[in-house]
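**Student:** data_20.pdb (PDB, C-alpha atoms and all ligand atoms) pasted underneath:
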```pdb
ATOM      1  CA  MET A  10     167.571  -5.252 -20.789  1.00  0.00           C
ATOM      2  CA  PRO A  11     166.018  -4.887 -17.292  1.00  0.00           C
ATOM      3  CA  THR A  12     162.300  -5.581 -17.155  1.00  0.00           C
ATOM      4  CA  LEU A  13     159.694  -4.017 -14.883  1.00  0.00           C
ATOM      5  CA  ASN A  14     156.965  -5.949 -13.096  1.00  0.00           C
ATOM      6  CA  PRO A  15     155.059  -3.369 -11.047  1.00  0.00           C
ATOM      7  CA  ASP A  16     151.999  -3.934  -8.893  1.00  0.00           C
ATOM      8  CA  THR A  17     149.915  -1.259 -10.519  1.00  0.00           C
ATOM      9  CA  HIS A  18     146.990  -2.085  -8.207  1.00  0.00           C
ATOM     10  CA  ALA A  19     149.079  -0.778  -5.309  1.00  0.00           C
ATOM     11  CA  CYS A  20     149.592   2.603  -6.976  1.00  0.00           C
ATOM     12  CA  ILE A  21     148.054   5.508  -5.099  1.00  0.00           C
ATOM     13  CA  GLY A  22     148.615   7.967  -7.908  1.00  0.00           C
ATOM     14  CA  ALA A  23     151.198  10.187  -6.322  1.00  0.00           C
ATOM     15  CA  GLY A  24     152.852  10.715  -9.701  1.00  0.00           C
ATOM     16  CA  ILE A  25     156.372  10.803  -8.333  1.00  0.00           C
ATOM     17  CA  CYS A  26     157.543   8.092 -10.720  1.00  0.00           C
ATOM     18  CA  THR A  27     156.442  10.026 -13.767  1.00  0.00           C
ATOM     19  CA  ASN A  28     158.445  13.026 -12.613  1.00  0.00           C
ATOM     20  CA  THR A  29     161.477  10.898 -11.788  1.00  0.00           C
ATOM     21  CA  ALA A  30     161.517   8.691 -14.889  1.00  0.00           C
ATOM     22  CA  PRO A  31     159.144  10.247 -17.428  1.00  0.00           C
ATOM     23  CA  THR A  32     160.356   8.068 -20.294  1.00  0.00           C
ATOM     24  CA  VAL A  33     159.368   4.918 -18.378  1.00  0.00           C
ATOM     25  CA  PHE A  34     156.262   5.865 -16.395  1.00  0.00           C
ATOM     26  CA  ASP A  35     153.073   7.673 -17.337  1.00  0.00           C
ATOM     27  CA  LEU A  36     149.722   8.221 -15.632  1.00  0.00           C
ATOM     28  CA  ASP A  37     146.440   6.935 -17.032  1.00  0.00           C
ATOM     29  CA  GLU A  38     143.108   8.760 -17.131  1.00  0.00           C
ATOM     30  CA  SER A  39     142.545   7.835 -13.473  1.00  0.00           C
ATOM     31  CA  GLY A  40     145.878   9.283 -12.401  1.00  0.00           C
ATOM     32  CA  LEU A  41     147.399   5.864 -11.754  1.00  0.00           C
ATOM     33  CA  VAL A  42     150.689   4.609 -13.097  1.00  0.00           C
ATOM     34  CA  ARG A  43     150.894   3.256 -16.618  1.00  0.00           C
ATOM     35  CA  LEU A  44     154.101   1.900 -18.045  1.00  0.00           C
ATOM     36  CA  ARG A  45     155.441   3.383 -21.234  1.00  0.00           C
ATOM     37  CA  THR A  46     157.541   0.222 -21.531  1.00  0.00           C
ATOM     38  CA  VAL A  47     158.359  -2.864 -19.465  1.00  0.00           C
ATOM     39  CA  ASP A  48     161.802  -3.190 -21.023  1.00  0.00           C
ATOM     40  CA  VAL A  49     163.816  -0.323 -19.616  1.00  0.00           C
ATOM     41  CA  ASP A  50     166.558   1.127 -21.761  1.00  0.00           C
ATOM     42  CA  PRO A  51     169.936   1.005 -20.009  1.00  0.00           C
ATOM     43  CA  SER A  52     170.094   4.798 -20.112  1.00  0.00           C
ATOM     44  CA  ASP A  53     166.874   4.935 -18.046  1.00  0.00           C
ATOM     45  CA  VAL A  54     167.873   2.374 -15.397  1.00  0.00           C
ATOM     46  CA  GLU A  55     169.232   4.933 -12.932  1.00  0.00           C
ATOM     47  CA  ALA A  56     166.090   7.069 -13.046  1.00  0.00           C
ATOM     48  CA  THR A  57     163.926   3.952 -12.830  1.00  0.00           C
ATOM     49  CA  GLU A  58     165.827   2.778  -9.759  1.00  0.00           C
ATOM     50  CA  ALA A  59     165.198   6.182  -8.177  1.00  0.00           C
ATOM     51  CA  ALA A  60     161.476   5.957  -8.964  1.00  0.00           C
ATOM     52  CA  ILE A  61     161.267   2.443  -7.496  1.00  0.00           C
ATOM     53  CA  ALA A  62     162.970   3.646  -4.323  1.00  0.00           C
ATOM     54  CA  ILE A  63     160.805   6.721  -3.885  1.00  0.00           C
ATOM     55  CA  CYS A  64     157.349   5.322  -4.751  1.00  0.00           C
ATOM     56  CA  PRO A  65     155.294   5.792  -1.559  1.00  0.00           C
ATOM     57  CA  ALA A  66     153.132   2.756  -2.356  1.00  0.00           C
ATOM     58  CA  GLN A  67     156.098   0.477  -3.083  1.00  0.00           C
ATOM     59  CA  ALA A  68     154.244  -0.385  -6.265  1.00  0.00           C
ATOM     60  CA  LEU A  69     157.254  -0.473  -8.573  1.00  0.00           C
ATOM     61  CA  ALA A  70     159.673  -3.351  -8.941  1.00  0.00           C
ATOM     62  CA  TRP A  71     161.944  -5.116 -11.341  1.00  0.00           C
ATOM     63  CA  ALA A  72     160.908  -8.502 -12.631  1.00  0.00           C
ATOM     64  CA  HIS A  73     163.019 -11.308 -11.195  1.00  0.00           C
ATOM     65  CA  SER A  74     163.697 -14.230 -13.459  1.00  0.00           C
TER
HETATM   66  S1  LIG A 101     155.190   6.849  -7.569  1.00  0.00           S
HETATM   67 FE1  LIG A 101     154.146   4.921  -7.020  1.00  0.00          FE
HETATM   68  S2  LIG A 101     152.188   5.580  -6.180  1.00  0.00           S
HETATM   69 FE2  LIG A 101     153.041   7.305  -7.325  1.00  0.00          FE
HETATM   70  S3  LIG A 101     152.156   7.164  -9.385  1.00  0.00           S
HETATM   71 FE3  LIG A 101     154.114   6.105  -9.390  1.00  0.00          FE
HETATM   72  S4  LIG A 101     153.601   3.956  -8.961  1.00  0.00           S
HETATM   73 FE4  LIG A 101     151.867   5.182  -8.340  1.00  0.00          FE
END
```
Can the structure in the file be given as structure tokens, please?
**Tutor:**
Amino acid sequence: MPTLNPDTHACIGAGICTNTAPTVFDLDESGLVRLRTVDVDPSDVEATEAAIAICPAQALAWAHS
């Protein structure tokens, strides 16, 4: 299962990821990204890829082993 390793400190709180992949990304009380999971279900990979590509802060990434 693909695993996320985002740089949440880079997040600027635009919220685009939560709209693009709401089952993977959430926003915390400060309006910054919070992961719902680091292990992304295969059915959510396409939406997660879209969120990674569109994040204006380039804060989202897959973990590379
Ligand atoms: S799209 Fe990027 S900048 Fe916006 S909330 Fe998500 S991680 Fe943060």
**Student:** Using only C-alpha atoms and a cutoff of 12 Å, can you tell me which residues are near (152.8, 5.9, -14.4) in the file's coordinates, and write them out as a ChimeraX atom specification?
**Tutor:** /A:15-47,57,60-61,64,68-69
**Student:** Please determine, counting all atoms listed in the file, which residue among A:Asp50, A:Ala62, A:Thr12, A:Ala72 has the shortest atom-to-atom distance to ligand LIG 101 (chain A).
**Tutor:**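 Once distances to ligand LIG 101 (chain A) are computed over all atoms listed in the file, the minimum belongs to A:Ala62.
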**Student:** Calculate how many Å separate atom CA of A:Ile63 from atom S3 of ligand LIG 101 (chain A), rounding to one decimal.
**Tutor:** 10.3 Å
**Student:** When you count all atoms listed in the file, which of these residues is closest to ligand LIG 101 (chain A): A:Pro65, A:Val49, A:Asn14, A:Val54?
**Tutor:**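 Of all the options, A:Pro65 lies closest to ligand LIG 101 (chain A).
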**Student:** Could you work out how far atom CA of A:Ala70 lies from atom CA of A:Glu55, giving the answer in Å with one decimal?
**Tutor:**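 Straight-line distance from atom CA of A:Glu55 to atom CA of A:Ala70 works out to 13.3 Å.
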**Student:** Atom CA of A:Asp53 and atom CA of A:Ala66 are how many Å apart?
**Tutor:**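 A separation of 21.0 Å between them.
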**Student:** Between A:Ala59, A:Gln67, A:Pro11, A:His73, which one has atoms that come closest to ligand LIG 101 (chain A), using all atoms listed in the file?
**Tutor:** A:Gln67
**Student:** Would you compute, for all listed atoms of ligand LIG 101 (chain A), the axis-aligned bounding box grown by 3 Å on each side, and then report its centre and edge lengths in Å rounded to one decimal, as AutoDock Vina command-line options?
**Tutor:**
```
--center_x 153.5 --center_y 5.6 --center_z -7.8 --size_x 9.3 --size_y 9.3 --size_z 9.2
```
**Student:** Where atoms are absent from stretch 31-42 of chain A, fill them in so it carries all heavy atoms, then output it as a PDB file, keeping the file's coordinate frame.
**Tutor:**
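Heads up, here's the output in result_9.pdb:
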```pdb
ATOM      1  N   PRO A  31     160.273   9.988 -16.525  1.00  0.00           N
ATOM      2  CA  PRO A  31     159.144  10.247 -17.428  1.00  0.00           C
ATOM      3  C   PRO A  31     159.172   9.439 -18.714  1.00  0.00           C
ATOM      4  O   PRO A  31     158.142   9.312 -19.381  1.00  0.00           O
ATOM      5  CB  PRO A  31     159.260  11.755 -17.720  1.00  0.00           C
ATOM      6  CG  PRO A  31     160.672  12.100 -17.405  1.00  0.00           C
ATOM      7  CD  PRO A  31     161.114  11.168 -16.322  1.00  0.00           C
ATOM      8  N   THR A  32     160.320   8.884 -19.079  1.00  0.00           N
ATOM      9  CA  THR A  32     160.356   8.068 -20.294  1.00  0.00           C
ATOM     10  C   THR A  32     159.899   6.644 -20.027  1.00  0.00           C
ATOM     11  O   THR A  32     159.686   5.872 -20.959  1.00  0.00           O
ATOM     12  CB  THR A  32     161.773   8.036 -20.902  1.00  0.00           C
ATOM     13  OG1 THR A  32     162.675   7.520 -19.914  1.00  0.00           O
ATOM     14  CG2 THR A  32     162.221   9.422 -21.334  1.00  0.00           C
ATOM     15  N   VAL A  33     159.754   6.289 -18.749  1.00  0.00           N
ATOM     16  CA  VAL A  33     159.368   4.918 -18.378  1.00  0.00           C
ATOM     17  C   VAL A  33     157.937   4.874 -17.855  1.00  0.00           C
ATOM     18  O   VAL A  33     157.179   3.954 -18.169  1.00  0.00           O
ATOM     19  CB  VAL A  33     160.330   4.355 -17.308  1.00  0.00           C
ATOM     20  CG1 VAL A  33     159.918   2.953 -16.875  1.00  0.00           C
ATOM     21  CG2 VAL A  33     161.755   4.377 -17.833  1.00  0.00           C
ATOM     22  N   PHE A  34     157.568   5.882 -17.053  1.00  0.00           N
ATOM     23  CA  PHE A  34     156.262   5.865 -16.395  1.00  0.00           C
ATOM     24  C   PHE A  34     155.373   7.004 -16.896  1.00  0.00           C
ATOM     25  O   PHE A  34     155.837   8.098 -17.194  1.00  0.00           O
ATOM     26  CB  PHE A  34     156.426   6.008 -14.872  1.00  0.00           C
ATOM     27  CG  PHE A  34     157.292   4.944 -14.263  1.00  0.00           C
ATOM     28  CD1 PHE A  34     158.573   5.243 -13.830  1.00  0.00           C
ATOM     29  CD2 PHE A  34     156.831   3.645 -14.140  1.00  0.00           C
ATOM     30  CE1 PHE A  34     159.387   4.261 -13.274  1.00  0.00           C
ATOM     31  CE2 PHE A  34     157.631   2.652 -13.581  1.00  0.00           C
ATOM     32  CZ  PHE A  34     158.909   2.967 -13.151  1.00  0.00           C
ATOM     33  N   ASP A  35     154.082   6.702 -16.939  1.00  0.00           N
ATOM     34  CA  ASP A  35     153.073   7.673 -17.337  1.00  0.00           C
ATOM     35  C   ASP A  35     151.890   7.485 -16.387  1.00  0.00           C
ATOM     36  O   ASP A  35     151.859   6.520 -15.622  1.00  0.00           O
ATOM     37  CB  ASP A  35     152.659   7.386 -18.789  1.00  0.00           C
ATOM     38  CG  ASP A  35     151.811   8.489 -19.387  1.00  0.00           C
ATOM     39  OD1 ASP A  35     151.763   9.599 -18.817  1.00  0.00           O
ATOM     40  OD2 ASP A  35     151.219   8.239 -20.459  1.00  0.00           O
ATOM     41  N   LEU A  36     150.951   8.390 -16.414  1.00  0.00           N
ATOM     42  CA  LEU A  36     149.722   8.221 -15.632  1.00  0.00           C
ATOM     43  C   LEU A  36     148.552   8.030 -16.582  1.00  0.00           C
ATOM     44  O   LEU A  36     148.488   8.661 -17.648  1.00  0.00           O
ATOM     45  CB  LEU A  36     149.471   9.439 -14.742  1.00  0.00           C
ATOM     46  CG  LEU A  36     150.525   9.732 -13.672  1.00  0.00           C
ATOM     47  CD1 LEU A  36     150.114  10.964 -12.860  1.00  0.00           C
ATOM     48  CD2 LEU A  36     150.736   8.542 -12.741  1.00  0.00           C
ATOM     49  N   ASP A  37     147.617   7.150 -16.188  1.00  0.00           N
ATOM     50  CA  ASP A  37     146.440   6.935 -17.032  1.00  0.00           C
ATOM     51  C   ASP A  37     145.366   7.972 -16.715  1.00  0.00           C
ATOM     52  O   ASP A  37     145.588   8.908 -15.943  1.00  0.00           O
ATOM     53  CB  ASP A  37     145.932   5.493 -16.899  1.00  0.00           C
ATOM     54  CG  ASP A  37     145.376   5.189 -15.513  1.00  0.00           C
ATOM     55  OD1 ASP A  37     145.135   6.123 -14.724  1.00  0.00           O
ATOM     56  OD2 ASP A  37     145.180   3.992 -15.224  1.00  0.00           O
ATOM     57  N   GLU A  38     144.188   7.788 -17.288  1.00  0.00           N
ATOM     58  CA  GLU A  38     143.108   8.760 -17.131  1.00  0.00           C
ATOM     59  C   GLU A  38     142.686   8.893 -15.669  1.00  0.00           C
ATOM     60  O   GLU A  38     142.159   9.927 -15.255  1.00  0.00           O
ATOM     61  CB  GLU A  38     141.882   8.342 -17.955  1.00  0.00           C
ATOM     62  CG  GLU A  38     142.166   7.963 -19.394  1.00  0.00           C
ATOM     63  CD  GLU A  38     142.825   6.611 -19.553  1.00  0.00           C
ATOM     64  OE1 GLU A  38     142.486   5.678 -18.804  1.00  0.00           O
ATOM     65  OE2 GLU A  38     143.703   6.491 -20.431  1.00  0.00           O
ATOM     66  N   SER A  39     142.918   7.821 -14.891  1.00  0.00           N
ATOM     67  CA  SER A  39     142.545   7.835 -13.473  1.00  0.00           C
ATOM     68  C   SER A  39     143.639   8.406 -12.587  1.00  0.00           C
ATOM     69  O   SER A  39     143.480   8.479 -11.365  1.00  0.00           O
ATOM     70  CB  SER A  39     142.221   6.410 -13.003  1.00  0.00           C
ATOM     71  OG  SER A  39     141.230   5.835 -13.812  1.00  0.00           O
ATOM     72  N   GLY A  40     144.772   8.753 -13.186  1.00  0.00           N
ATOM     73  CA  GLY A  40     145.878   9.283 -12.401  1.00  0.00           C
ATOM     74  C   GLY A  40     146.739   8.209 -11.782  1.00  0.00           C
ATOM     75  O   GLY A  40     147.528   8.488 -10.875  1.00  0.00           O
ATOM     76  N   LEU A  41     146.587   6.967 -12.262  1.00  0.00           N
ATOM     77  CA  LEU A  41     147.399   5.864 -11.754  1.00  0.00           C
ATOM     78  C   LEU A  41     148.489   5.527 -12.761  1.00  0.00           C
ATOM     79  O   LEU A  41     148.385   5.845 -13.947  1.00  0.00           O
ATOM     80  CB  LEU A  41     146.522   4.635 -11.486  1.00  0.00           C
ATOM     81  CG  LEU A  41     145.401   4.867 -10.460  1.00  0.00           C
ATOM     82  CD1 LEU A  41     144.542   3.625 -10.330  1.00  0.00           C
ATOM     83  CD2 LEU A  41     145.964   5.302  -9.112  1.00  0.00           C
ATOM     84  N   VAL A  42     149.517   4.856 -12.258  1.00  0.00           N
ATOM     85  CA  VAL A  42     150.689   4.609 -13.097  1.00  0.00           C
ATOM     86  C   VAL A  42     150.354   3.715 -14.300  1.00  0.00           C
ATOM     87  O   VAL A  42     149.572   2.781 -14.220  1.00  0.00           O
ATOM     88  CB  VAL A  42     151.833   3.985 -12.257  1.00  0.00           C
ATOM     89  CG1 VAL A  42     151.504   2.564 -11.826  1.00  0.00           C
ATOM     90  CG2 VAL A  42     153.155   4.055 -13.021  1.00  0.00           C
TER      91      VAL A  42
END
```
